[in-house]
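Report on one structure; see the data block that follows.
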Amino acid sequence: MMNKFLIFFFSLNILTQCQSQTINKMDDFKPRIQKSDSEWLEKLGPERFRILRQKGTEYPGSGEYDKNFKKGTYSCAGCGNKLFTSESKFDAHCGWPSFDKEIIPGAITEIRDFSAGMIRTEILCTQCGGHLGHVFDDGPTETKLRYCVNSLSMSFEER
């Protein structure tokens with residue numbers, strides 16, 4: 001019994017260390033760009049505001065970038081922060097654009113999300129705090145990650 005407890009304890013400790021980049025509470029995250037809701041609404045328009053600032057989501061398969069496989073860079077629609085490249089994009093058949101890694105470490109902030117009766121990891125733009133979507137550990141590539149992102153939270157610049 002003690003061996004099972006020790007194995008569980010050490011496994012939990014390793015998982016906790018591996019996810020040290022994840023912030024547990026939104027209160028602990030301070031984006032560099034700060035604006036009022038009215039300023040964000042004016043800049044983004046109602047649909048982008050709903051997703052980026054109110055943590056909304058698009059209907060699966062409805063986003064502009066789900067089936068976009070042109071070469072280029074995906075940036076935050078709120079502030080222009082570069083998030084992903086087309087090289088990290090793959091078709092996850094989930095209805096949202098999916099990527100296996102951020103463009104550079106630190107471009108995205110991860111926060112524990114306990115909403116909707118689930119435990120997930122929300123992803124936010126580190127610069128402006130805009131809600132991008134969620135990251136899951138079921139990706140098919142070597143990173144094993146699937147950043148599942150709303151098209152309206154991004155802009156795309158073709159190369």
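By convention here, the chains of the structure tokens are called A, B, ... in the order presented, each chain's residues are numbered starting at 1, and ligands are numbered starting at 1 in the order presented.
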Picked from region 54-156 of chain A by DSSP as strand (DSSP E), as a VMD selection string
chain A and resid 72 to 76 82 to 85 89 to 90 98 to 99 108 to 113 120 to 125 131 to 136 146 to 149 154 to 156
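Considering only region 32-145 of chain A, backbone DSSP assigns alpha helix (DSSP H) to Asp37, Ser38, Glu39, Trp40, Leu41, Glu42, Lys43, Leu44, Pro46, Glu47, Arg48, Phe49, Arg50, Ile51 and Leu52 of chain A.
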- Task: Fewer than 4 positions away in the same chain doesn't count, so skip those; otherwise give me all residues within 12 Å of region 107-121 of chain A, counting only C-alpha atoms, as a PyMOL selection string.
- Result: chain A and resi 19-32+55-56+74-76+79-84+101-103+125-137+145-149
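Put simply, CA of Glu158 (chain A) is 4.2 Å away from CA of Gly72 (chain A).
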Taking 6 positions as the minimum chain separation for residues in the same chain, which residues sit within 9 Å of Gly63 (chain A) when counting only C-alpha atoms? Answer as a VMD selection string. chain A and resid 95 to 97 150 to 152
Okay, now the selection with N, CA and C atoms, as an mmCIF file, in the first residue's frame?
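Generated file (selection.cif):
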```
data_model
loop_
_atom_site.group_PDB
_atom_site.id
_atom_site.type_symbol
_atom_site.label_atom_id
_atom_site.label_comp_id
_atom_site.auth_asym_id
_atom_site.auth_seq_id
_atom_site.Cartn_x
_atom_site.Cartn_y
_atom_site.Cartn_z
ATOM 1 N N GLY A 95 -13.021 20.966 -35.517
ATOM 2 C CA GLY A 95 -13.845 22.114 -35.871
ATOM 3 C C GLY A 95 -13.216 23.460 -35.559
ATOM 4 N N TRP A 96 -12.013 23.453 -34.970
ATOM 5 C CA TRP A 96 -11.297 24.691 -34.675
ATOM 6 C C TRP A 96 -9.866 24.556 -35.189
ATOM 7 N N PRO A 97 -9.239 25.671 -35.533
ATOM 8 C CA PRO A 97 -7.822 25.607 -35.913
ATOM 9 C C PRO A 97 -7.012 25.000 -34.768
ATOM 10 N N ASN A 150 -9.936 29.639 -31.356
ATOM 11 C CA ASN A 150 -11.018 30.287 -32.095
ATOM 12 C C ASN A 150 -10.432 31.125 -33.224
ATOM 13 N N SER A 151 -10.979 30.979 -34.432
ATOM 14 C CA SER A 151 -10.504 31.780 -35.565
ATOM 15 C C SER A 151 -10.651 33.268 -35.294
ATOM 16 N N LEU A 152 -11.751 33.674 -34.671
ATOM 17 C CA LEU A 152 -11.986 35.101 -34.427
ATOM 18 C C LEU A 152 -10.997 35.708 -33.434
#
```
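The nearest approach to Thr141 (chain A) among the residues A:Phe156, A:Tyr65, A:Phe90, A:Tyr59, with only C-alpha atoms taken into account, belongs to A:Phe90.
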Problem - Minimum-distance residue to Thr143 (chain A), chosen among A:Glu47, A:Leu124, A:Thr85, A:Asp100 (using only C-alpha atoms) - result: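 Closest residue, counting only C-alpha atoms: A:Asp100.
For the choices A:Glu42, A:Arg50, A:Cys94, A:Lys144, the atom-to-atom distance to Ser62 (chain A) is smallest for A:Cys94 when using only C-alpha atoms.
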- Kindly indicate which residue among A:Gly139, A:Met154, A:Ala92, A:Gln34 lies nearest to Arg48 (chain A), using only C-alpha atoms for the distances.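 The answer is A:Met154, which sits nearest to Arg48 (chain A).
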